[in-house]
$ cat target.txt   # compact mmCIF, C-alpha atoms
# COMPACT_ATOMS: atom_id res chain seq x y z
CA MET A 1 29.99 -94.35 -38.04
CA SER A 2 28.44 -97.81 -38.53
CA HIS A 3 28.07 -99.38 -41.95
CA PRO A 4 25.45 -102.10 -41.53
CA MET A 5 24.65 -104.81 -43.99
CA LEU A 6 21.14 -105.15 -45.40
CA LEU A 7 19.59 -108.60 -45.78
CA VAL A 8 16.49 -108.73 -48.02
CA THR A 9 14.63 -112.02 -47.88
CA ASP A 10 11.65 -113.31 -49.78
CA LEU A 11 8.80 -114.60 -47.63
CA ASP A 12 6.92 -117.58 -49.09
CA GLY A 13 9.23 -120.36 -50.19
CA THR A 14 12.23 -118.80 -48.46
CA LEU A 15 11.42 -117.82 -44.88
CA VAL A 16 7.99 -119.49 -44.81
CA ARG A 17 8.11 -122.99 -46.25
CA GLU A 18 5.01 -125.19 -46.40
CA ARG A 19 3.30 -122.72 -44.02
CA ASP A 20 6.03 -123.27 -41.44
CA VAL A 21 9.21 -121.51 -40.38
CA ASP A 22 12.43 -123.18 -39.32
CA PRO A 23 13.19 -121.82 -35.82
CA ARG A 24 16.86 -121.89 -36.76
CA ASP A 25 16.16 -119.44 -39.61
CA ALA A 26 14.13 -117.16 -37.34
CA ARG A 27 16.83 -117.12 -34.67
CA ALA A 28 19.46 -116.40 -37.33
CA LEU A 29 17.52 -113.32 -38.48
CA LEU A 30 17.41 -112.06 -34.92
CA ARG A 31 21.14 -112.67 -34.63
CA TRP A 32 21.61 -110.68 -37.84
CA GLN A 33 19.78 -107.69 -36.40
CA GLU A 34 21.46 -108.00 -32.99
CA ALA A 35 24.80 -107.67 -34.79
CA GLY A 36 23.67 -104.20 -35.92
CA ASN A 37 22.48 -105.11 -39.41
CA LEU A 38 19.18 -104.38 -41.15
CA LEU A 39 16.51 -106.87 -42.20
CA ALA A 40 13.91 -106.39 -44.93
CA VAL A 41 11.23 -108.83 -46.06
CA ALA A 42 10.27 -108.62 -49.76
CA THR A 43 7.08 -110.32 -50.86
CA GLY A 44 4.43 -110.42 -53.53
CA ARG A 45 1.84 -110.28 -50.76
CA SER A 46 -0.22 -107.19 -50.05
CA VAL A 47 0.37 -104.99 -47.00
CA THR A 48 -2.38 -106.79 -45.08
CA LEU A 49 -1.18 -110.28 -45.97
CA ALA A 50 2.49 -109.45 -45.45
CA ARG A 51 1.77 -108.30 -41.91
CA LEU A 52 -0.23 -111.48 -41.33
CA ALA A 53 2.59 -113.65 -42.67
CA VAL A 54 5.22 -112.03 -40.44
CA ALA A 55 2.96 -112.52 -37.42
CA ASP A 56 2.32 -116.14 -38.41
CA ALA A 57 6.04 -116.71 -38.96
CA SER A 58 6.80 -115.36 -35.49
CA ALA A 59 4.19 -117.64 -33.94
CA ALA A 60 5.32 -120.69 -35.89
CA ALA A 61 8.96 -120.24 -34.92
CA GLU A 62 8.18 -118.96 -31.40
CA VAL A 63 10.51 -116.06 -32.16
CA ALA A 64 9.37 -112.42 -32.34
CA LEU A 65 10.36 -111.34 -35.84
CA ARG A 66 10.29 -107.59 -36.51
CA PRO A 67 11.80 -106.68 -39.89
CA ASP A 68 13.19 -103.17 -40.18
CA PHE A 69 11.40 -102.81 -43.51
CA VAL A 70 8.78 -104.73 -45.50
CA ILE A 71 8.54 -104.58 -49.29
CA CYS A 72 5.01 -105.57 -50.36
CA ALA A 73 3.01 -106.18 -53.53
CA SER A 74 6.02 -107.24 -55.61
CA GLY A 75 7.89 -104.01 -54.95
CA THR A 76 5.19 -101.35 -55.23
CA THR A 77 4.98 -100.62 -51.51
CA LEU A 78 7.62 -100.05 -48.81
CA LEU A 79 6.83 -100.05 -45.08
CA ASP A 80 9.03 -99.32 -42.08
CA ALA A 81 9.16 -101.42 -38.91
CA ASP A 82 6.16 -99.58 -37.49
CA GLY A 83 4.06 -100.27 -40.58
CA GLN A 84 4.24 -96.72 -41.88
CA VAL A 85 4.07 -96.46 -45.67
CA LEU A 86 7.29 -94.95 -47.02
CA ARG A 87 6.41 -95.42 -50.68
CA SER A 88 3.48 -96.78 -52.65
CA GLN A 89 2.85 -96.93 -56.40
CA THR A 90 -0.54 -97.72 -57.95
CA ILE A 91 -1.66 -99.12 -61.29
CA PRO A 92 -3.42 -96.51 -63.50
CA PRO A 93 -7.20 -97.10 -63.26
CA ARG A 94 -7.54 -97.53 -67.05
CA GLU A 95 -4.99 -100.37 -66.89
CA VAL A 96 -6.85 -101.99 -64.01
CA THR A 97 -10.03 -101.89 -66.12
CA ARG A 98 -8.26 -103.16 -69.25
CA ALA A 99 -6.68 -106.11 -67.43
CA VAL A 100 -9.81 -107.02 -65.47
CA GLU A 101 -12.01 -106.99 -68.57
CA TYR A 102 -9.62 -109.36 -70.35
CA LEU A 103 -8.89 -111.69 -67.44
CA SER A 104 -12.52 -111.97 -66.34
CA THR A 105 -13.38 -113.70 -69.62
CA ARG A 106 -10.89 -116.48 -68.93
CA GLN A 107 -11.57 -119.73 -67.09
CA ASP A 108 -7.92 -120.57 -66.42
CA CYS A 109 -7.06 -117.84 -63.88
CA ALA A 110 -8.48 -116.07 -60.84
CA VAL A 111 -8.08 -112.32 -60.29
CA VAL A 112 -7.47 -110.38 -57.08
CA VAL A 113 -6.64 -106.70 -56.56
CA THR A 114 -4.75 -105.40 -53.55
CA THR A 115 -4.68 -101.98 -51.95
CA LEU A 116 -3.01 -100.57 -48.84
CA GLU A 117 -6.18 -101.41 -46.96
CA GLY A 118 -7.18 -104.85 -48.20
CA ASP A 119 -7.52 -107.60 -50.80
CA TYR A 120 -10.47 -108.04 -53.15
CA LEU A 121 -11.46 -111.09 -55.20
CA LEU A 122 -12.89 -110.13 -58.60
CA HIS A 123 -13.02 -113.34 -60.62
CA ASN A 124 -12.69 -116.96 -59.56
CA PRO A 125 -13.49 -119.72 -62.05
CA PHE A 126 -12.10 -122.23 -59.52
CA ALA A 127 -14.84 -121.57 -56.93
CA GLY A 128 -16.12 -124.77 -55.36
CA ARG A 129 -12.83 -126.62 -55.56
CA GLU A 130 -11.34 -127.92 -52.33
CA ASP A 131 -7.93 -126.34 -52.69
CA SER A 132 -5.61 -123.96 -50.87
CA PHE A 133 -6.58 -120.95 -53.00
CA ASN A 134 -10.28 -121.22 -52.20
CA ARG A 135 -9.60 -121.80 -48.51
CA PHE A 136 -7.36 -118.74 -48.48
CA ALA A 137 -9.86 -116.68 -50.48
CA ALA A 138 -12.69 -117.54 -48.09
CA SER A 139 -10.64 -116.37 -45.11
CA PHE A 140 -8.82 -113.31 -46.40
CA TYR A 141 -10.38 -111.88 -49.58
CA THR A 142 -13.45 -109.66 -49.88
CA THR A 143 -15.44 -110.48 -53.02
CA ILE A 144 -16.53 -107.43 -55.06
CA PRO A 145 -17.91 -106.91 -58.59
CA ALA A 146 -15.10 -106.78 -61.13
CA GLN A 147 -16.18 -103.37 -62.41
CA ASP A 148 -15.62 -101.85 -58.95
CA ALA A 149 -11.86 -102.45 -59.12
CA ALA A 150 -11.16 -99.30 -61.18
CA GLY A 151 -12.33 -97.18 -58.25
CA LEU A 152 -9.66 -98.59 -55.94
CA ALA A 153 -6.05 -97.47 -55.48
CA VAL A 154 -4.63 -100.78 -56.74
CA THR A 155 -1.03 -101.50 -55.78
CA SER A 156 -0.94 -104.90 -57.44
CA MET A 157 -3.19 -107.40 -59.16
CA PRO A 158 -2.36 -110.99 -58.19
CA VAL A 159 -3.53 -113.46 -60.84
CA ARG A 160 -3.75 -117.09 -59.78
CA VAL A 161 -2.45 -119.26 -62.64
CA PRO A 162 -2.36 -122.95 -61.66
CA ASP A 163 -0.98 -124.00 -65.07
CA ASP A 164 2.75 -123.17 -65.06
CA ALA A 165 2.93 -123.69 -68.82
CA LEU A 166 0.48 -120.79 -69.31
CA ALA A 167 2.16 -118.22 -67.05
CA ASP A 168 4.85 -116.74 -69.32
CA ALA A 169 2.56 -116.40 -72.35
CA LEU A 170 -0.19 -114.79 -70.26
CA ALA A 171 2.27 -112.34 -68.71
CA ALA A 172 3.53 -111.33 -72.15
CA GLU A 173 -0.04 -110.83 -73.43
CA LEU A 174 -0.97 -108.65 -70.46
CA GLU A 175 2.09 -106.45 -70.93
CA ARG A 176 1.34 -106.19 -74.67
CA ARG A 177 -2.26 -105.15 -74.04
CA SER A 178 -1.12 -102.42 -71.65
CA GLY A 179 1.30 -100.94 -74.16
CA GLY A 180 4.06 -101.21 -71.59
CA ALA A 181 2.12 -99.46 -68.80
CA ILE A 182 2.34 -102.49 -66.50
CA SER A 183 4.92 -105.10 -65.58
CA VAL A 184 3.97 -108.69 -64.79
CA PRO A 185 6.49 -110.41 -62.51
CA ARG A 186 5.89 -114.10 -61.90
CA SER A 187 5.90 -116.15 -58.71
CA ILE A 188 4.85 -119.70 -57.88
CA GLN A 189 1.39 -120.17 -59.50
CA TYR A 190 0.84 -116.41 -59.62
CA LEU A 191 1.38 -113.42 -61.85
CA ASP A 192 1.49 -110.01 -60.16
CA LEU A 193 0.41 -107.06 -62.30
CA VAL A 194 2.16 -103.89 -61.09
CA PRO A 195 2.97 -100.45 -62.54
CA ALA A 196 5.68 -100.58 -65.20
CA GLY A 197 9.18 -100.58 -63.78
CA GLN A 198 8.13 -101.73 -60.32
CA ASP A 199 9.63 -104.90 -58.91
CA LYS A 200 11.54 -106.08 -55.88
CA GLY A 201 14.80 -104.77 -57.33
CA ALA A 202 13.39 -101.25 -57.77
CA ALA A 203 12.10 -101.38 -54.20
CA VAL A 204 15.53 -102.37 -52.86
CA ARG A 205 17.09 -99.46 -54.74
CA HIS A 206 14.52 -97.11 -53.24
CA LEU A 207 15.13 -98.53 -49.77
CA ARG A 208 18.85 -97.89 -50.13
CA GLN A 209 18.02 -94.30 -51.13
CA VAL A 210 15.83 -93.90 -48.03
CA LEU A 211 18.67 -95.18 -45.86
CA ALA A 212 21.19 -92.88 -47.53
CA GLU A 213 18.92 -89.90 -46.86
CA ARG A 214 18.93 -90.95 -43.21
CA GLY A 215 22.72 -91.00 -43.19
CA VAL A 216 23.01 -94.81 -43.27
CA THR A 217 25.76 -96.12 -45.54
CA LEU A 218 25.37 -99.82 -46.24
CA SER A 219 28.47 -101.94 -46.48
CA ARG A 220 26.70 -104.76 -48.34
CA THR A 221 23.29 -105.83 -49.61
CA VAL A 222 22.38 -109.52 -49.51
CA ALA A 223 19.25 -110.92 -51.20
CA VAL A 224 17.66 -114.34 -50.69
CA GLY A 225 14.75 -115.79 -52.68
CA ASP A 226 13.33 -118.72 -54.55
CA SER A 227 11.20 -117.44 -57.43
CA TRP A 228 11.08 -115.43 -60.63
CA ASN A 229 10.02 -112.22 -58.90
CA ASP A 230 13.15 -112.39 -56.76
CA ILE A 231 15.47 -112.15 -59.77
CA PRO A 232 15.33 -108.30 -59.97
CA MET A 233 16.51 -108.02 -56.36
CA PHE A 234 19.29 -110.51 -57.07
CA ALA A 235 20.48 -108.12 -59.77
CA VAL A 236 20.86 -105.18 -57.36
CA ALA A 237 22.39 -107.12 -54.45
CA ASP A 238 26.08 -107.47 -53.71
CA HIS A 239 25.48 -111.16 -53.13
CA ALA A 240 22.39 -113.16 -54.09
CA TYR A 241 21.37 -116.50 -52.63
CA ALA A 242 18.74 -118.64 -54.37
CA MET A 243 17.03 -121.43 -52.50
CA ALA A 244 18.45 -124.74 -53.71
CA ASP A 245 14.93 -126.08 -54.34
CA GLY A 246 13.61 -122.85 -55.86
CA ALA A 247 12.65 -122.13 -59.47
CA ALA A 248 15.35 -123.06 -61.97
CA ASP A 249 15.40 -119.54 -63.44
CA ALA A 250 15.99 -118.04 -59.99
CA ARG A 251 18.83 -120.46 -59.27
CA ARG A 252 20.39 -119.70 -62.63
CA ALA A 253 20.12 -115.93 -62.15
CA ALA A 254 21.79 -116.06 -58.76
CA LEU A 255 24.67 -118.21 -59.97
CA GLU A 256 25.22 -116.26 -63.19
CA GLY A 257 25.42 -113.07 -61.13
CA GLY A 258 28.16 -114.54 -58.93
CA GLY A 259 25.77 -115.62 -56.17
CA SER A 260 25.17 -118.92 -54.42
CA LEU A 261 22.60 -121.58 -53.68
CA THR A 262 21.46 -122.10 -50.10
CA GLN A 263 19.38 -124.49 -48.02
CA GLY A 264 18.03 -121.72 -45.80
CA LEU A 265 18.40 -118.32 -44.19
CA ALA A 266 20.41 -119.61 -41.24
CA ASP A 267 23.12 -120.75 -43.63
CA VAL A 268 23.10 -117.33 -45.32
CA VAL A 269 23.54 -115.52 -42.02
CA ASP A 270 26.33 -117.90 -41.04
CA CYS A 271 28.12 -117.13 -44.31
CA GLU A 272 27.69 -113.36 -44.11
CA LEU A 273 28.41 -112.62 -40.45
$ encode --input "target.txt" --output "structure tokens"
Amino acid sequence: MSHPMLLVTDLDGTLVRERDVDPRDARALLRWQEAGNLLAVATGRSVTLARLAVADASAAAEVALRPDFVICASGTTLLDADGQVLRSQTIPPREVTRAVEYLSTRQDCAVVVTTLEGDYLLHNPFAGREDSFNRFAASFYTTIPAQDAAGLAVTSMPVRVPDDALADALAAELERRSGGAISVPRSIQYLDLVPAGQDKGAAVRHLRQVLAERGVTLSRTVAVGDSWNDIPMFAVADHAYAMADGAADARRAALEGGGSLTQGLADVVDCEL
């Protein structure tokens, strides 16, 4: 009986860096899978945008990447290699309404909701600026009235927060207003509102349960990331690697848990194989 290893890698800032992918990293992930191991991508992106990012990464590196599993929307949704949904958690509609009503009064953040089917822009006080968010929003988000969000099956609510100094306080306020019904993991210039208890670590635990039910016994779980929302998956991995240029809190969490810093995924694969 085989006992594969599982490598779980963050997407933006880890595999995809400055909208590009190091071909060496992409080839290393293929080598990982060819050795009989499993690959999962874990991202704050929605299902739609995660699929797009994997396709873009493959094109950029000229290597056909096909993860065995994709964890989307900061841990709320798990897909298999064929894109089938294995698990999806949604935010209670009343909490969607509560958060949207509060955030839509603010001029320091933009609000998006994601579902299994798409991504919807509700509030954007930054409209008209020539920046990456507005270019991305114009290409990939459907604008809808904020009050329509409660009628959607919302897996996550990405909140664009350009001011890093604001992020932690805003996350705490949103959790307080929900009475603990939501969690608010943080990534680079974003907060992701998700159902309470959902994060990348919870998704990795669920993935291991899925594998166990299929008779797959993992010998080791390796996690790689660069941001705050990667810290929960560091905590459940046998070995965590934080990107050397990632967020200080992520680097600290990896090292305090007995993990390492890395320059890239190719180096991780070299160390683990």
$ closest_residue --input "target.txt" --among "A:Val41, A:Leu121, A:Leu174, A:Ala50" --to "Tyr102 (chain A)" --atoms "all atoms listed in the file"
A:Leu174
$ closest_residue --input "target.txt" --among "A:Pro162, A:Pro145, A:Gly151, A:Gly225" --to "Gln107 (chain A)" --atoms "all atoms listed in the file"
A:Pro162
$ residues_around --input "target.txt" --residues "Arg208 (chain A)" --least-positions-apart "3" --cutoff "12 Å" --atoms "all atoms listed in the file" --output "NGL selection string"
:A and (4-8 or 38 or 40 or 69 or 78 or 201-205 or 211-221 or 236-237)
$ residues_around --input "target.txt" --residues "Asp163 (chain A)" --least-positions-apart "5" --cutoff "10 Å" --atoms "all atoms listed in the file" --output "list of chain:residue names"
A:Asp108, A:Cys109, A:Gln189, A:Tyr190
$ atom_distance --input "target.txt" --atom1 "CA of Ala196 (chain A)" --atom2 "CA of Ser183 (chain A)"
4.6 Å
$ residues_around --input "target.txt" --residues "Ser178 (chain A)" --least-positions-apart "4" --cutoff "10 Å" --atoms "only C-alpha atoms" --output "list of chain:residue names"
A:Arg94, A:Glu95, A:Val96, A:Arg98, A:Ala99, A:Glu173, A:Leu174, A:Ile182, A:Ser183, A:Ala196
$ closest_residue --input "target.txt" --among "A:Val224, A:Ala73, A:Ala266, A:Val21" --to "Ala61 (chain A)" --atoms "only C-alpha atoms"
A:Val21
$ residues_around --input "target.txt" --residues "Asp22 (chain A)" --least-positions-apart "5" --cutoff "9 Å" --atoms "only C-alpha atoms" --output "PyMOL selection string"
chain A and resi 15-17+27+60-61+264+266
$ axis_aligned_box --input "target.txt" --around "region 34-41 of chain A" --padding-each-side "3 Å" --output "AutoDock Vina command-line options"
--center_x 18.0 --center_y -106.5 --center_z -39.5 --size_x 19.6 --size_y 10.6 --size_z 19.1
$ atom_distance --input "target.txt" --atom1 "CA of Ile188 (chain A)" --atom2 "CA of Pro125 (chain A)"
18.8 Å
$ closest_residue --input "target.txt" --among "A:Leu52, A:Val112, A:Ala57, A:Gln198" --to "Thr77 (chain A)" --atoms "only C-alpha atoms"
A:Gln198
$ decode --input "target.txt" --residues "region 84-98 of chain A" --atoms "all heavy atoms" --output "PDB file, in the first residue's frame"
ATOM      1  N   GLN A  84     -15.121  18.838  -9.426  1.00  0.00           N
ATOM      2  CA  GLN A  84     -16.322  18.477  -8.686  1.00  0.00           C
ATOM      3  C   GLN A  84     -16.234  19.002  -7.251  1.00  0.00           C
ATOM      4  O   GLN A  84     -15.178  18.908  -6.609  1.00  0.00           O
ATOM      5  CB  GLN A  84     -16.510  16.962  -8.675  1.00  0.00           C
ATOM      6  CG  GLN A  84     -16.741  16.367 -10.040  1.00  0.00           C
ATOM      7  CD  GLN A  84     -18.004  16.897 -10.703  1.00  0.00           C
ATOM      8  OE1 GLN A  84     -19.084  16.893 -10.105  1.00  0.00           O
ATOM      9  NE2 GLN A  84     -17.868  17.380 -11.933  1.00  0.00           N
ATOM     10  N   VAL A  85     -17.328  19.537  -6.760  1.00  0.00           N
ATOM     11  CA  VAL A  85     -17.360  20.094  -5.404  1.00  0.00           C
ATOM     12  C   VAL A  85     -17.505  18.945  -4.401  1.00  0.00           C
ATOM     13  O   VAL A  85     -18.494  18.217  -4.409  1.00  0.00           O
ATOM     14  CB  VAL A  85     -18.516  21.095  -5.240  1.00  0.00           C
ATOM     15  CG1 VAL A  85     -18.568  21.621  -3.810  1.00  0.00           C
ATOM     16  CG2 VAL A  85     -18.367  22.250  -6.231  1.00  0.00           C
ATOM     17  N   LEU A  86     -16.510  18.794  -3.544  1.00  0.00           N
ATOM     18  CA  LEU A  86     -16.544  17.774  -2.497  1.00  0.00           C
ATOM     19  C   LEU A  86     -17.111  18.319  -1.200  1.00  0.00           C
ATOM     20  O   LEU A  86     -17.617  17.552  -0.371  1.00  0.00           O
ATOM     21  CB  LEU A  86     -15.136  17.229  -2.248  1.00  0.00           C
ATOM     22  CG  LEU A  86     -14.411  16.628  -3.454  1.00  0.00           C
ATOM     23  CD1 LEU A  86     -13.031  16.142  -3.046  1.00  0.00           C
ATOM     24  CD2 LEU A  86     -15.222  15.492  -4.064  1.00  0.00           C
ATOM     25  N   ARG A  87     -17.027  19.613  -1.023  1.00  0.00           N
ATOM     26  CA  ARG A  87     -17.512  20.247   0.213  1.00  0.00           C
ATOM     27  C   ARG A  87     -17.650  21.733  -0.041  1.00  0.00           C
ATOM     28  O   ARG A  87     -16.806  22.348  -0.689  1.00  0.00           O
ATOM     29  CB  ARG A  87     -16.519  20.000   1.345  1.00  0.00           C
ATOM     30  CG  ARG A  87     -16.809  20.723   2.654  1.00  0.00           C
ATOM     31  CD  ARG A  87     -15.743  20.340   3.677  1.00  0.00           C
ATOM     32  NE  ARG A  87     -15.955  20.949   4.970  1.00  0.00           N
ATOM     33  CZ  ARG A  87     -15.374  22.069   5.373  1.00  0.00           C
ATOM     34  NH1 ARG A  87     -14.556  22.720   4.558  1.00  0.00           N
ATOM     35  NH2 ARG A  87     -15.587  22.553   6.577  1.00  0.00           N
ATOM     36  N   SER A  88     -18.728  22.326   0.466  1.00  0.00           N
ATOM     37  CA  SER A  88     -18.885  23.767   0.367  1.00  0.00           C
ATOM     38  C   SER A  88     -19.715  24.264   1.546  1.00  0.00           C
ATOM     39  O   SER A  88     -20.770  23.699   1.844  1.00  0.00           O
ATOM     40  CB  SER A  88     -19.557  24.160  -0.952  1.00  0.00           C
ATOM     41  OG  SER A  88     -19.643  25.564  -1.063  1.00  0.00           O
ATOM     42  N   GLN A  89     -19.235  25.295   2.213  1.00  0.00           N
ATOM     43  CA  GLN A  89     -19.927  25.918   3.327  1.00  0.00           C
ATOM     44  C   GLN A  89     -20.319  27.338   2.926  1.00  0.00           C
ATOM     45  O   GLN A  89     -19.564  28.026   2.228  1.00  0.00           O
ATOM     46  CB  GLN A  89     -19.025  25.966   4.559  1.00  0.00           C
ATOM     47  CG  GLN A  89     -18.525  24.599   5.023  1.00  0.00           C
ATOM     48  CD  GLN A  89     -19.639  23.776   5.626  1.00  0.00           C
ATOM     49  OE1 GLN A  89     -20.413  24.264   6.440  1.00  0.00           O
ATOM     50  NE2 GLN A  89     -19.729  22.514   5.229  1.00  0.00           N
ATOM     51  N   THR A  90     -21.485  27.791   3.356  1.00  0.00           N
ATOM     52  CA  THR A  90     -21.938  29.140   3.005  1.00  0.00           C
ATOM     53  C   THR A  90     -22.166  29.983   4.264  1.00  0.00           C
ATOM     54  O   THR A  90     -22.427  29.462   5.342  1.00  0.00           O
ATOM     55  CB  THR A  90     -23.239  29.092   2.180  1.00  0.00           C
ATOM     56  OG1 THR A  90     -24.243  28.406   2.926  1.00  0.00           O
ATOM     57  CG2 THR A  90     -23.007  28.386   0.858  1.00  0.00           C
ATOM     58  N   ILE A  91     -22.084  31.291   4.075  1.00  0.00           N
ATOM     59  CA  ILE A  91     -22.338  32.233   5.158  1.00  0.00           C
ATOM     60  C   ILE A  91     -23.846  32.355   5.346  1.00  0.00           C
ATOM     61  O   ILE A  91     -24.585  32.499   4.362  1.00  0.00           O
ATOM     62  CB  ILE A  91     -21.739  33.613   4.831  1.00  0.00           C
ATOM     63  CG1 ILE A  91     -20.238  33.510   4.551  1.00  0.00           C
ATOM     64  CG2 ILE A  91     -22.008  34.609   5.961  1.00  0.00           C
ATOM     65  CD1 ILE A  91     -19.615  34.810   4.069  1.00  0.00           C
ATOM     66  N   PRO A  92     -24.360  32.312   6.579  1.00  0.00           N
ATOM     67  CA  PRO A  92     -25.807  32.502   6.779  1.00  0.00           C
ATOM     68  C   PRO A  92     -26.275  33.819   6.156  1.00  0.00           C
ATOM     69  O   PRO A  92     -25.606  34.849   6.305  1.00  0.00           O
ATOM     70  CB  PRO A  92     -25.945  32.527   8.311  1.00  0.00           C
ATOM     71  CG  PRO A  92     -24.763  31.756   8.810  1.00  0.00           C
ATOM     72  CD  PRO A  92     -23.648  32.064   7.851  1.00  0.00           C
ATOM     73  N   PRO A  93     -27.416  33.800   5.443  1.00  0.00           N
ATOM     74  CA  PRO A  93     -27.883  35.017   4.758  1.00  0.00           C
ATOM     75  C   PRO A  93     -27.984  36.239   5.666  1.00  0.00           C
ATOM     76  O   PRO A  93     -27.679  37.358   5.246  1.00  0.00           O
ATOM     77  CB  PRO A  93     -29.247  34.604   4.211  1.00  0.00           C
ATOM     78  CG  PRO A  93     -29.141  33.127   4.008  1.00  0.00           C
ATOM     79  CD  PRO A  93     -28.278  32.636   5.138  1.00  0.00           C
ATOM     80  N   ARG A  94     -28.407  36.040   6.930  1.00  0.00           N
ATOM     81  CA  ARG A  94     -28.534  37.198   7.834  1.00  0.00           C
ATOM     82  C   ARG A  94     -27.171  37.828   8.092  1.00  0.00           C
ATOM     83  O   ARG A  94     -27.068  39.049   8.307  1.00  0.00           O
ATOM     84  CB  ARG A  94     -29.190  36.790   9.151  1.00  0.00           C
ATOM     85  CG  ARG A  94     -28.379  35.826   9.996  1.00  0.00           C
ATOM     86  CD  ARG A  94     -29.105  35.423  11.269  1.00  0.00           C
ATOM     87  NE  ARG A  94     -28.330  34.480  12.077  1.00  0.00           N
ATOM     88  CZ  ARG A  94     -28.256  33.186  11.856  1.00  0.00           C
ATOM     89  NH1 ARG A  94     -28.946  32.653  10.848  1.00  0.00           N
ATOM     90  NH2 ARG A  94     -27.529  32.407  12.631  1.00  0.00           N
ATOM     91  N   GLU A  95     -26.101  36.996   8.093  1.00  0.00           N
ATOM     92  CA  GLU A  95     -24.765  37.543   8.318  1.00  0.00           C
ATOM     93  C   GLU A  95     -24.230  38.226   7.072  1.00  0.00           C
ATOM     94  O   GLU A  95     -23.472  39.195   7.167  1.00  0.00           O
ATOM     95  CB  GLU A  95     -23.809  36.432   8.776  1.00  0.00           C
ATOM     96  CG  GLU A  95     -24.195  35.790  10.089  1.00  0.00           C
ATOM     97  CD  GLU A  95     -24.359  36.791  11.220  1.00  0.00           C
ATOM     98  OE1 GLU A  95     -23.695  37.860  11.195  1.00  0.00           O
ATOM     99  OE2 GLU A  95     -25.169  36.536  12.127  1.00  0.00           O
ATOM    100  N   VAL A  96     -24.635  37.736   5.904  1.00  0.00           N
ATOM    101  CA  VAL A  96     -24.297  38.440   4.668  1.00  0.00           C
ATOM    102  C   VAL A  96     -24.917  39.836   4.696  1.00  0.00           C
ATOM    103  O   VAL A  96     -24.242  40.843   4.452  1.00  0.00           O
ATOM    104  CB  VAL A  96     -24.790  37.655   3.433  1.00  0.00           C
ATOM    105  CG1 VAL A  96     -24.601  38.481   2.159  1.00  0.00           C
ATOM    106  CG2 VAL A  96     -24.066  36.312   3.319  1.00  0.00           C
ATOM    107  N   THR A  97     -26.210  39.896   5.047  1.00  0.00           N
ATOM    108  CA  THR A  97     -26.905  41.185   5.098  1.00  0.00           C
ATOM    109  C   THR A  97     -26.270  42.109   6.130  1.00  0.00           C
ATOM    110  O   THR A  97     -26.039  43.300   5.860  1.00  0.00           O
ATOM    111  CB  THR A  97     -28.389  40.966   5.439  1.00  0.00           C
ATOM    112  OG1 THR A  97     -28.992  40.191   4.398  1.00  0.00           O
ATOM    113  CG2 THR A  97     -29.123  42.293   5.569  1.00  0.00           C
ATOM    114  N   ARG A  98     -25.989  41.574   7.313  1.00  0.00           N
ATOM    115  CA  ARG A  98     -25.413  42.400   8.387  1.00  0.00           C
ATOM    116  C   ARG A  98     -24.073  42.998   7.958  1.00  0.00           C
ATOM    117  O   ARG A  98     -23.811  44.193   8.136  1.00  0.00           O
ATOM    118  CB  ARG A  98     -25.229  41.542   9.642  1.00  0.00           C
ATOM    119  CG  ARG A  98     -24.920  42.352  10.900  1.00  0.00           C
ATOM    120  CD  ARG A  98     -24.321  41.461  11.988  1.00  0.00           C
ATOM    121  NE  ARG A  98     -25.121  40.285  12.253  1.00  0.00           N
ATOM    122  CZ  ARG A  98     -26.047  40.187  13.205  1.00  0.00           C
ATOM    123  NH1 ARG A  98     -26.309  41.228  13.975  1.00  0.00           N
ATOM    124  NH2 ARG A  98     -26.704  39.047  13.398  1.00  0.00           N
TER     125      ARG A  98
END
